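*Asks:* Next up, query.txt (compact mmCIF, C-alpha atoms and all ligand atoms).
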# COMPACT_ATOMS: atom_id res chain seq x y z
CA MET E 91 -58.57 -21.72 -10.54
CA LYS E 92 -55.31 -23.68 -10.80
CA LYS E 93 -53.63 -20.65 -12.30
CA ILE E 94 -54.75 -18.44 -9.45
CA LEU E 95 -53.56 -20.97 -6.91
CA PHE E 96 -50.19 -21.20 -8.62
CA LEU E 97 -49.85 -17.43 -8.70
CA PHE E 98 -50.76 -17.30 -5.04
CA LEU E 99 -48.09 -19.87 -4.23
CA VAL E 100 -45.48 -17.94 -6.18
CA ILE E 101 -46.33 -14.72 -4.35
CA LEU E 102 -46.21 -16.57 -1.05
CA CYS E 103 -42.78 -18.00 -1.86
CA ILE E 104 -41.40 -14.60 -2.86
CA SER E 105 -42.75 -12.94 0.24
CA PHE E 106 -41.31 -15.70 2.45
CA THR E 107 -37.91 -15.29 0.82
CA TYR E 108 -38.18 -11.61 1.39
CA ARG E 109 -39.26 -11.97 5.00
CA GLY E 110 -36.51 -14.55 5.58
CA ALA E 111 -33.91 -12.15 4.21
CA GLU E 112 -35.35 -9.26 6.16
CA SER E 113 -35.31 -11.01 9.53
CA LEU E 114 -31.81 -12.40 8.92
CA TYR E 115 -30.57 -8.96 7.96
CA GLU E 116 -32.21 -7.33 10.94
CA SER E 117 -30.75 -9.80 13.39
CA ALA E 118 -27.29 -9.51 11.82
CA SER E 119 -27.30 -5.73 11.79
CA TYR E 120 -28.51 -5.58 15.38
CA ARG E 121 -25.64 -7.85 16.45
CA GLU E 122 -23.19 -5.94 14.30
CA THR E 123 -24.04 -2.69 16.10
CA TYR E 124 -23.84 -4.36 19.48
CA TYR E 125 -20.51 -6.10 18.92
CA THR E 126 -18.95 -3.14 17.19
CA TYR E 127 -19.83 -1.05 20.21
CA ASN E 128 -18.44 -3.64 22.65
CA PHE E 129 -15.69 -4.58 20.25
CA ASN E 130 -15.81 -8.37 20.05
CA LYS E 131 -13.74 -9.70 17.20
CA GLU E 132 -15.01 -13.31 17.21
CA GLU E 133 -18.68 -12.31 17.19
CA LEU E 134 -18.10 -9.75 14.47
CA LEU E 135 -16.52 -12.42 12.29
CA LYS E 136 -19.61 -14.58 12.85
CA VAL E 137 -21.85 -11.69 11.80
CA ALA E 138 -19.69 -11.20 8.71
CA ASN E 139 -20.38 -14.81 7.81
CA GLU E 140 -24.10 -14.31 8.29
CA TYR E 141 -23.97 -11.43 5.85
CA LYS E 142 -22.10 -13.66 3.44
CA TYR E 143 -24.83 -16.27 3.76
CA LEU E 144 -27.48 -13.64 3.10
CA TYR E 145 -25.69 -12.37 0.05
CA GLU E 146 -25.28 -15.86 -1.37
CA ASN E 147 -28.75 -17.21 -0.61
CA TYR E 148 -30.94 -14.16 -1.11
CA SER E 149 -29.18 -12.61 -4.05
CA LYS E 150 -32.42 -11.32 -5.58
CA THR E 151 -33.54 -9.35 -2.54
CA LYS E 152 -32.56 -5.82 -1.67
CA TYR E 153 -30.72 -7.23 1.36
CA ALA E 154 -28.03 -8.87 -0.76
CA PRO E 155 -26.09 -5.75 -1.80
CA ILE E 156 -26.46 -4.16 1.61
CA SER E 157 -25.12 -7.37 3.20
CA VAL E 158 -21.96 -7.32 1.08
CA TYR E 159 -21.55 -3.70 2.03
CA ARG E 160 -21.99 -4.37 5.77
CA ARG E 161 -19.50 -7.23 5.45
CA ALA E 162 -16.95 -4.82 4.01
CA CYS E 163 -17.66 -2.41 6.89
CA ILE E 164 -17.00 -5.12 9.47
CA PHE E 165 -13.68 -6.08 7.90
CA ASN E 166 -12.81 -2.42 7.56
CA ASN E 167 -13.41 -1.94 11.26
CA LEU E 168 -11.33 -5.02 12.15
CA TYR E 169 -8.61 -3.88 9.80
CA LYS E 170 -8.40 -0.46 11.37
CA ARG E 171 -8.10 -2.00 14.82
CA TYR E 172 -5.63 -4.72 14.00
CA LYS E 173 -3.97 -3.73 10.75
CA LEU E 174 -4.02 -7.27 9.50
CA SER E 175 -3.75 -7.80 5.81
CA TYR E 176 -6.13 -10.75 6.02
CA TYR E 177 -9.03 -8.49 6.91
CA LYS E 178 -7.95 -5.99 4.35
CA SER E 179 -8.15 -8.55 1.57
CA GLU E 180 -11.60 -9.50 2.87
CA ARG E 181 -12.99 -6.00 2.72
CA ILE E 182 -11.54 -5.57 -0.75
CA LYS E 183 -13.12 -8.86 -1.80
CA ALA E 184 -16.51 -7.82 -0.43
CA LEU E 185 -16.35 -4.46 -2.16
CA ASN E 186 -15.35 -5.95 -5.47
CA LEU E 187 -18.29 -8.35 -5.28
CA LEU E 188 -20.59 -5.45 -4.64
CA ILE E 189 -19.26 -3.48 -7.58
CA LYS E 190 -19.32 -6.48 -9.90
CA ASP E 191 -22.75 -7.87 -9.00
CA TYR E 192 -24.68 -4.68 -8.24
CA PRO E 193 -23.03 -1.94 -10.29
CA GLU E 194 -26.13 0.26 -10.40
CA ASN E 195 -27.29 -0.23 -6.83
CA TRP E 196 -27.35 2.79 -4.52
CA VAL E 197 -25.36 0.82 -1.95
CA THR E 198 -22.55 0.41 -4.49
CA LYS E 199 -22.49 4.13 -5.17
CA PHE E 200 -22.43 4.81 -1.44
CA ALA E 201 -19.64 2.26 -0.91
CA LYS E 202 -17.57 3.73 -3.73
CA ARG E 203 -17.58 7.06 -1.95
CA ARG E 204 -17.03 5.65 1.50
CA PHE E 205 -14.22 3.25 0.57
CA ARG E 206 -12.65 5.37 -2.13
CA GLN E 207 -9.16 4.59 -0.87
CA ILE E 208 -9.44 0.85 -1.13
CA ILE E 209 -11.30 0.29 -4.38
CA VAL E 210 -8.70 -1.85 -6.09
CA ILE E 211 -7.83 -2.83 -9.61
CA SER E 212 -11.21 -3.76 -11.04
CA PRO E 213 -11.54 -7.39 -12.20
CA LYS E 214 -11.96 -6.47 -15.86
CA LYS E 215 -8.49 -4.94 -16.03
CA THR E 216 -6.14 -7.53 -17.45
CA LYS E 217 -2.91 -5.57 -17.70
CA LYS E 218 -0.30 -6.94 -15.37
CA TYR E 219 2.02 -4.41 -13.82
CA THR E 220 5.68 -4.94 -13.06
CA VAL E 221 7.41 -3.28 -10.13
CA VAL E 222 11.10 -3.55 -9.26
CA VAL E 223 11.82 -3.10 -5.57
CA ASP E 224 15.39 -2.29 -4.59
CA PRO E 225 16.46 -2.95 -1.00
CA GLY E 226 19.40 -0.52 -0.61
CA HIS E 227 22.99 -1.58 0.17
CA GLY E 228 23.86 -5.22 1.02
CA GLY E 229 26.94 -7.40 1.40
CA LYS E 230 30.10 -5.39 2.12
CA ASP E 231 28.01 -2.19 2.21
CA PRO E 232 25.94 -2.20 5.41
CA GLY E 233 24.38 1.22 4.73
CA ALA E 234 23.76 3.38 7.79
CA ILE E 235 24.44 1.87 11.20
CA GLY E 236 22.10 3.05 13.90
CA ILE E 237 21.06 2.73 17.51
CA LYS E 238 22.06 -0.59 19.08
CA GLY E 239 23.99 -1.42 15.93
CA ILE E 240 20.95 -1.94 13.69
CA ARG E 241 22.00 -2.03 10.06
CA GLU E 242 20.15 -0.35 7.21
CA LYS E 243 20.85 -3.25 4.81
CA ASP E 244 19.03 -5.76 7.04
CA ILE E 245 15.97 -3.63 7.72
CA VAL E 246 15.40 -2.56 4.12
CA LEU E 247 15.62 -6.15 2.90
CA LYS E 248 12.87 -7.15 5.32
CA ILE E 249 10.67 -4.23 4.26
CA ALA E 250 11.28 -4.94 0.56
CA LYS E 251 10.24 -8.58 0.97
CA GLU E 252 7.07 -7.44 2.69
CA VAL E 253 6.35 -5.01 -0.18
CA LYS E 254 6.83 -7.86 -2.63
CA LYS E 255 4.37 -10.03 -0.72
CA LYS E 256 1.75 -7.31 -0.60
CA LEU E 257 2.04 -6.25 -4.24
CA SER E 258 2.05 -9.86 -5.45
CA ARG E 259 -1.22 -10.44 -3.63
CA ARG E 260 -2.68 -7.60 -5.66
CA GLY E 261 -1.63 -9.26 -8.90
CA VAL E 262 1.52 -7.24 -9.58
CA ASN E 263 4.74 -8.83 -10.92
CA VAL E 264 7.45 -7.95 -8.43
CA TYR E 265 11.22 -8.35 -8.69
CA LEU E 266 13.75 -7.60 -5.98
CA THR E 267 17.22 -6.37 -6.98
CA ARG E 268 18.57 -8.54 -4.16
CA LYS E 269 16.92 -11.29 -2.13
CA THR E 270 19.83 -11.91 0.23
CA ASP E 271 22.67 -10.02 1.87
CA VAL E 272 24.76 -9.43 -1.26
CA PHE E 273 26.49 -6.39 -2.70
CA ILE E 274 25.06 -4.96 -5.91
CA PRO E 275 26.57 -1.81 -7.47
CA LEU E 276 24.28 1.21 -7.62
CA SER E 277 24.50 1.43 -11.40
CA LYS E 278 23.25 -2.13 -11.82
CA ARG E 279 20.06 -1.67 -9.82
CA ALA E 280 18.19 0.59 -12.27
CA HIS E 281 19.40 -1.63 -15.11
CA ILE E 282 17.53 -4.54 -13.58
CA ALA E 283 14.37 -2.42 -13.62
CA ASN E 284 14.97 -1.48 -17.27
CA GLU E 285 15.57 -5.11 -18.22
CA LYS E 286 12.37 -6.25 -16.55
CA GLY E 287 10.41 -3.48 -18.27
CA ALA E 288 9.19 -2.24 -14.90
CA ASP E 289 6.34 0.27 -14.58
CA VAL E 290 7.77 1.53 -11.31
CA PHE E 291 11.18 1.41 -9.63
CA VAL E 292 11.39 1.96 -5.89
CA SER E 293 14.59 1.96 -3.85
CA ILE E 294 14.10 1.45 -0.11
CA HIS E 295 16.44 2.95 2.50
CA CYS E 296 16.77 4.11 6.10
CA ASN E 297 17.90 7.60 6.87
CA ALA E 298 20.72 8.65 9.21
CA TRP E 299 21.80 11.95 10.73
CA ASN E 300 24.42 13.03 13.26
CA ASN E 301 21.74 14.66 15.42
CA LYS E 302 19.85 11.86 17.14
CA LYS E 303 16.72 14.00 17.44
CA VAL E 304 16.09 14.07 13.70
CA ARG E 305 13.40 11.59 12.67
CA GLY E 306 10.64 10.95 10.14
CA THR E 307 9.72 9.61 6.71
CA SER E 308 10.66 11.15 3.39
CA THR E 309 10.32 10.12 -0.26
CA TRP E 310 12.81 11.34 -2.83
CA ILE E 311 12.93 11.89 -6.56
CA LEU E 312 15.98 12.46 -8.70
CA ASN E 313 16.87 16.11 -9.25
CA ALA E 314 19.68 18.57 -8.74
CA THR E 315 19.50 20.50 -5.50
CA SER E 316 21.21 23.23 -3.50
CA ASP E 317 19.74 22.09 -0.19
CA LYS E 318 22.66 21.17 2.11
CA ARG E 319 20.82 18.50 4.05
CA ALA E 320 19.58 16.85 0.86
CA ILE E 321 23.11 16.87 -0.56
CA GLN E 322 24.46 15.26 2.60
CA ILE E 323 21.84 12.50 2.50
CA ALA E 324 22.44 11.84 -1.20
CA ALA E 325 26.22 11.77 -0.64
CA ARG E 326 25.80 9.06 1.98
CA GLU E 327 23.49 7.01 -0.23
CA ASN E 328 25.77 7.50 -3.24
CA ASN E 329 28.81 6.49 -1.19
CA VAL E 330 30.78 9.59 -2.23
CA PRO E 331 32.24 12.50 -0.22
CA VAL E 332 29.99 15.56 0.06
CA GLU E 333 32.65 17.66 -1.77
CA LYS E 334 32.11 15.65 -4.93
CA MET E 335 28.37 16.21 -4.94
CA GLY E 336 28.72 19.56 -6.78
CA ASP E 337 29.92 17.81 -9.94
CA ILE E 338 27.25 15.16 -9.62
CA ASN E 339 24.63 17.88 -9.35
CA LYS E 340 25.80 19.33 -12.66
CA ILE E 341 25.83 15.98 -14.42
CA ILE E 342 22.40 15.07 -13.09
CA LEU E 343 20.98 18.40 -14.23
CA SER E 344 21.99 17.63 -17.80
CA LEU E 345 20.49 14.14 -17.65
CA ILE E 346 17.12 14.90 -16.19
CA GLN E 347 14.07 14.59 -18.35
CA SER E 348 11.29 16.78 -17.05
CA ALA E 349 8.57 14.32 -18.11
CA LYS E 350 9.98 11.58 -15.92
CA LEU E 351 10.53 14.05 -13.10
CA ASN E 352 6.87 15.10 -12.97
CA ILE E 353 5.51 11.58 -13.08
CA SER E 354 8.00 10.40 -10.46
CA LYS E 355 6.91 13.28 -8.26
CA LYS E 356 3.36 12.06 -8.46
CA LEU E 357 4.42 8.55 -7.47
CA ALA E 358 6.45 9.99 -4.59
CA TYR E 359 3.46 11.95 -3.25
CA TYR E 360 1.24 8.87 -3.24
CA VAL E 361 3.82 6.70 -1.51
CA GLN E 362 4.80 9.34 1.06
CA LYS E 363 1.17 10.04 1.94
CA ASP E 364 0.34 6.36 2.37
CA ILE E 365 3.37 5.54 4.52
CA VAL E 366 2.57 8.46 6.81
CA ARG E 367 -1.05 7.36 7.03
CA GLU E 368 -0.12 3.75 7.80
CA LEU E 369 2.25 4.86 10.58
CA HIS E 370 -0.57 6.73 12.35
CA GLY E 371 1.65 9.51 13.67
CA ALA E 372 4.28 7.13 15.08
CA SER E 373 6.95 9.30 13.47
CA GLN E 374 7.12 12.53 11.47
CA ASN E 375 6.23 13.52 7.93
CA ILE E 376 9.24 15.14 6.27
CA GLY E 377 7.60 15.11 2.86
CA VAL E 378 8.63 14.69 -0.77
CA LYS E 379 12.16 15.91 -1.51
CA GLN E 380 14.65 15.90 -4.35
CA ALA E 381 18.35 15.17 -4.57
CA PRO E 382 20.86 13.61 -6.97
CA PHE E 383 20.67 9.92 -6.12
CA TYR E 384 22.87 7.73 -8.33
CA VAL E 385 20.61 4.74 -8.04
CA LEU E 386 17.75 6.55 -9.82
CA VAL E 387 19.74 8.04 -12.70
CA ASP E 388 19.41 5.27 -15.26
CA ALA E 389 15.86 4.14 -14.50
CA ARG E 390 13.63 4.68 -17.54
CA MET E 391 10.38 4.50 -15.57
CA PRO E 392 8.85 6.55 -12.72
CA SER E 393 11.29 6.00 -9.88
CA ILE E 394 11.64 7.02 -6.26
CA LEU E 395 13.84 6.48 -3.24
CA VAL E 396 12.09 6.01 0.09
CA GLU E 397 13.92 7.00 3.28
CA THR E 398 11.63 5.08 5.59
CA LEU E 399 12.79 6.27 9.02
CA PHE E 400 16.05 7.23 10.80
CA VAL E 401 18.16 4.41 12.23
CA THR E 402 19.98 7.07 14.26
CA ASN E 403 16.87 8.24 16.15
CA PRO E 404 15.97 6.07 19.17
CA SER E 405 12.21 5.96 18.59
CA ASP E 406 12.49 5.58 14.81
CA ALA E 407 15.02 2.79 15.30
CA GLN E 408 12.65 1.05 17.65
CA LEU E 409 9.85 1.25 15.06
CA LEU E 410 12.17 -0.17 12.41
CA SER E 411 13.05 -3.07 14.70
CA ARG E 412 9.44 -4.09 15.05
CA LYS E 413 7.74 -6.29 12.46
CA LYS E 414 4.43 -4.52 12.96
CA TYR E 415 5.83 -1.15 11.89
CA ARG E 416 7.91 -2.56 9.06
CA ARG E 417 4.63 -3.98 7.78
CA CYS E 418 2.94 -0.58 8.08
CA ILE E 419 5.72 0.97 6.01
CA ALA E 420 5.47 -1.82 3.42
CA GLU E 421 1.72 -1.40 3.29
CA GLY E 422 2.09 2.34 2.66
CA ILE E 423 4.62 1.80 -0.13
CA SER E 424 2.43 -0.84 -1.81
CA GLU E 425 -0.79 1.16 -1.51
CA GLY E 426 0.88 4.25 -2.93
CA ILE E 427 2.26 2.30 -5.90
CA ILE E 428 -1.11 0.66 -6.64
CA LYS E 429 -2.91 4.00 -6.55
CA PHE E 430 -0.31 5.53 -8.82
CA LEU E 431 -0.53 2.67 -11.35
CA GLU E 432 -4.31 2.77 -11.42
CA GLU E 433 -4.42 6.51 -11.96
CA LYS E 434 -1.76 6.35 -14.64
CA ASP E 435 -3.91 3.88 -16.55
CA ASN E 436 -7.12 5.86 -16.32
ZN ZN H 1 20.62 3.77 2.08
Produce structure tokens that represent the structure in this file.

*Replies:*
Amino acid sequence: MKKILFLFLVILCISFTYRGAESLYESASYRETYYTYNFNKEELLKVANEYKYLYENYSKTKYAPISVYRRACIFNNLYKRYKLSYYKSERIKALNLLIKDYPENWVTKFAKRRFRQIIVISPKKTKKYTVVVDPGHGGKDPGAIGIKGIREKDIVLKIAKEVKKKLSRRGVNVYLTRKTDVFIPLSKRAHIANEKGADVFVSIHCNAWNNKKVRGTSTWILNATSDKRAIQIAARENNVPVEKMGDINKIILSLIQSAKLNISKKLAYYVQKDIVRELHGASQNIGVKQAPFYVLVDARMPSILVETLFVTNPSDAQLLSRKKYRRCIAEGISEGIIKFLEEKDN
């Protein structure tokens, strides 16, 4: 008799837990729908916390994995609206919990498909990556001077620092070739990357053109080229007259290793795609290009040069002057690098 009573109690407890989880989940999901529809940030954050509570206190019920998933959805929604890295780290955290704690659950499989872009370095991976970020120009070399006197060297330093912050948060070792407004010769920059044993070298720049209408983002890899525009851009970045670029082309051609070229191209595609996505059509997508850039010659690892936007175009210059858009660019560069590193390892 006692045994039966005990069993009955156990069943009762389980069903209460289950009912408790169910009603909590139902109320949260109802409010989530309502506040998503009427977009209310504060209430959505409260709902996210309710899901967290559910996940932590009812971990054995089927509502636990679905709660972590809904939590990720909320932060994803907030992130898309506000582009704040805080929310982004939250959705990543929620997804990683889901993957770690419920690897075989259908919700996990669903989430993996839905959030394919933001599944980050899985916790079991211990390898630490090193990235060297090179803010172009500096000191006596201001780089391109644009609308309202904005200087390339100042903007790229700000973007590079933002990239460092973002990559560091994802567990990557990051070094900057310069942290202040100092002059560093082009040849020395890749050497720093070699010394640090970097997995990736990225040089950050702003583009310039004599026609103010030209605008957009491009990512460059080192190669010889016959394209006149590309030669002109490389000449400016190399600080040499265009007439001398013919010789440089020849020298570069003899130095290029095709293996590094292909892998750098892959890195360039990831970074270009992610910057363009983060900018949400605010400028144009020029694409991945190639030219003989001095700064990339000696780098022994996959290396690219990012021409973020044009300082000489009024709307591009305005974007570059705003912290919000510099952050978008930095986010794109970091995301692209992370994706590249992860794929390289798999
Ligand atoms: Zn530059």

*Asks:* Return as a PDB file with C-alpha atoms, keeping the file's coordinate frame every polymer residue, whether protein, DNA or RNA, with at least one atom no more than 7 Å from an atom of ligand ZN 1 (chain H); count all atoms listed in the file.

*Replies:*
ATOM      1  CA  GLY E 226      19.400  -0.520  -0.610  1.00  0.00           C
ATOM      2  CA  HIS E 227      22.990  -1.580   0.170  1.00  0.00           C
ATOM      3  CA  GLY E 233      24.380   1.220   4.730  1.00  0.00           C
ATOM      4  CA  ALA E 234      23.760   3.380   7.790  1.00  0.00           C
ATOM      5  CA  GLU E 242      20.150  -0.350   7.210  1.00  0.00           C
ATOM      6  CA  HIS E 295      16.440   2.950   2.500  1.00  0.00           C
ATOM      7  CA  CYS E 296      16.770   4.110   6.100  1.00  0.00           C
ATOM      8  CA  ASN E 297      17.900   7.600   6.870  1.00  0.00           C
ATOM      9  CA  GLU E 327      23.490   7.010  -0.230  1.00  0.00           C
TER      10      GLU E 327
END

*Asks:* For Asn195 in chain E, find every residue with an atom within 12 Å (counting only C-alpha atoms), except residues of its own chain fewer than 5 positions away, and show them as an MDAnalysis selection string.

*Replies:* chainID E and resid 151:156 158:159 188:190 200:202

*Asks:* Which is closest to Asp244 in chain E among E:Arg319, E:Lys355, E:Lys142, E:Arg416, if we use all atoms listed in the file?

*Replies:*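 Closest candidate: E:Arg416.
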
*Asks:* Could you name the residues that touch Val378 in chain E at 6 Å or less, counting only C-alpha atoms, but leaving out those on the same chain fewer than 3 positions away, as a PyMOL selection string?

*Replies:* chain E and resi 308-310

*Asks:* For the selection just defined, write its residues with C-alpha atoms to a file, as a JSON list (two decimals), keeping the file's coordinate frame.

*Replies:*
[["chain", "number", "residue", "atom", "x", "y", "z"],
["E", 308, "SER", "CA", 10.66, 11.15, 3.39],
["E", 309, "THR", "CA", 10.32, 10.12, -0.26],
["E", 310, "TRP", "CA", 12.81, 11.34, -2.83]]

*Asks:* With only C-alpha atoms as the counted atoms, please give the residues lying no more than 12 Å from Asn130 in chain E, apart from itself and same-chain residues fewer than 4 positions off, as a PyMOL selection string.

*Replies:* chain E and resi 121-126+134-137+164+167-168+171

*Asks:* Which is closer to Val292 in chain E than all the others in E:Met391, E:Ile353, E:Val222, E:Ala381, using only C-alpha atoms?

*Replies:*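 The answer is E:Val222, which sits nearest to Val292 in chain E.
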
*Asks:* Considering all atoms listed in the file, can you say which of E:Ser344, E:Cys418, E:Arg326, E:Pro225 comes closest to Lys170 in chain E?

*Replies:*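 Going through E:Ser344, E:Cys418, E:Arg326, E:Pro225 one by one, the smallest distance to Lys170 in chain E is for E:Cys418.
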
*Asks:* Emit as JSON the padded axis-aligned box for all listed atoms of range 114-121 of chain E, 3 Å per side, with centre and edge lengths in Å to one decimal.

*Replies:*
{"center_x": -28.9, "center_y": -9.0, "center_z": 12.2, "size_x": 12.6, "size_y": 12.8, "size_z": 14.5}

*Asks:* Rounded to one decimal place, report the CA of Lys429 in chain E-CA of Val221 in chain E distance in Å.

*Replies:* 13.1 Å

*Asks:* Just give me the residues with any atom within 6 Å of (16.9, 12.5, -0.6), file coordinates, counting all atoms listed in the file, written as a list in words.

*Replies:* Trp310, Ala320, Ile323, Ala324, Lys379, Gln380 and Ala381 of chain E

*Asks:* Of the candidates E:Tyr176, E:Tyr415, E:Tyr145, E:Tyr384, which one gets nearest to Val366 in chain E if we count only C-alpha atoms?

*Replies:*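 Closest to Val366 in chain E of all the choices is E:Tyr415.
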
*Asks:* Fix up range 222-247 of chain E with N, CA and C atoms, then write it as a tab-separated table (two decimals), in the frame of the given file.

*Replies:*
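File produced: part15.tsv:
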chain	number	residue	atom	x	y	z
E	222	VAL	N	9.81	-3.08	-9.78
E	222	VAL	CA	11.10	-3.55	-9.26
E	222	VAL	C	11.38	-2.83	-7.94
E	223	VAL	N	11.56	-3.64	-6.91
E	223	VAL	CA	11.82	-3.10	-5.57
E	223	VAL	C	13.30	-3.32	-5.25
E	224	ASP	N	13.95	-2.22	-4.83
E	224	ASP	CA	15.39	-2.29	-4.59
E	224	ASP	C	15.71	-2.06	-3.11
E	225	PRO	N	16.03	-3.14	-2.39
E	225	PRO	CA	16.46	-2.95	-1.00
E	225	PRO	C	17.88	-2.39	-1.02
E	226	GLY	N	18.10	-1.19	-0.50
E	226	GLY	CA	19.40	-0.52	-0.61
E	226	GLY	C	20.53	-1.32	0.05
E	227	HIS	N	21.77	-1.01	-0.43
E	227	HIS	CA	22.99	-1.58	0.17
E	227	HIS	C	23.04	-3.11	0.10
E	228	GLY	N	23.71	-3.75	1.05
E	228	GLY	CA	23.86	-5.22	1.02
E	228	GLY	C	25.31	-5.65	0.94
E	229	GLY	N	25.59	-6.83	1.44
E	229	GLY	CA	26.94	-7.40	1.40
E	229	GLY	C	27.93	-6.54	2.15
E	230	LYS	N	29.04	-6.17	1.46
E	230	LYS	CA	30.10	-5.39	2.12
E	230	LYS	C	29.64	-3.97	2.50
E	231	ASP	N	28.54	-3.54	1.91
E	231	ASP	CA	28.01	-2.19	2.21
E	231	ASP	C	26.82	-2.30	3.16
E	232	PRO	N	27.03	-2.02	4.45
E	232	PRO	CA	25.94	-2.20	5.41
E	232	PRO	C	24.91	-1.06	5.38
E	233	GLY	N	25.24	0.04	4.68
E	233	GLY	CA	24.38	1.22	4.73
E	233	GLY	C	24.60	1.90	6.07
E	234	ALA	N	23.61	2.66	6.52
E	234	ALA	CA	23.76	3.38	7.79
E	234	ALA	C	23.68	2.40	8.95
E	235	ILE	N	24.50	2.69	9.99
E	235	ILE	CA	24.44	1.87	11.20
E	235	ILE	C	23.83	2.73	12.28
E	236	GLY	N	22.84	2.20	12.97
E	236	GLY	CA	22.10	3.05	13.90
E	236	GLY	C	22.19	2.62	15.34
E	237	ILE	N	21.16	3.03	16.08
E	237	ILE	CA	21.06	2.73	17.51
E	237	ILE	C	21.15	1.21	17.72
E	238	LYS	N	21.86	0.81	18.72
E	238	LYS	CA	22.06	-0.59	19.08
E	238	LYS	C	22.61	-1.41	17.90
E	239	GLY	N	23.33	-0.73	17.04
E	239	GLY	CA	23.99	-1.42	15.93
E	239	GLY	C	23.08	-1.92	14.82
E	240	ILE	N	21.82	-1.45	14.76
E	240	ILE	CA	20.95	-1.94	13.69
E	240	ILE	C	21.48	-1.44	12.34
E	241	ARG	N	21.41	-2.34	11.35
E	241	ARG	CA	22.00	-2.03	10.06
E	241	ARG	C	20.92	-1.80	9.00
E	242	GLU	N	21.12	-0.71	8.26
E	242	GLU	CA	20.15	-0.35	7.21
E	242	GLU	C	19.90	-1.51	6.25
E	243	LYS	N	20.99	-2.20	5.84
E	243	LYS	CA	20.85	-3.25	4.81
E	243	LYS	C	19.91	-4.37	5.26
E	244	ASP	N	19.89	-4.68	6.55
E	244	ASP	CA	19.03	-5.76	7.04
E	244	ASP	C	17.56	-5.33	7.08
E	245	ILE	N	17.35	-4.11	7.58
E	245	ILE	CA	15.97	-3.63	7.72
E	245	ILE	C	15.30	-3.45	6.36
E	246	VAL	N	16.04	-2.84	5.42
E	246	VAL	CA	15.40	-2.56	4.12
E	246	VAL	C	15.09	-3.85	3.35
E	247	LEU	N	15.90	-4.88	3.57
E	247	LEU	CA	15.62	-6.15	2.90
E	247	LEU	C	14.30	-6.74	3.42
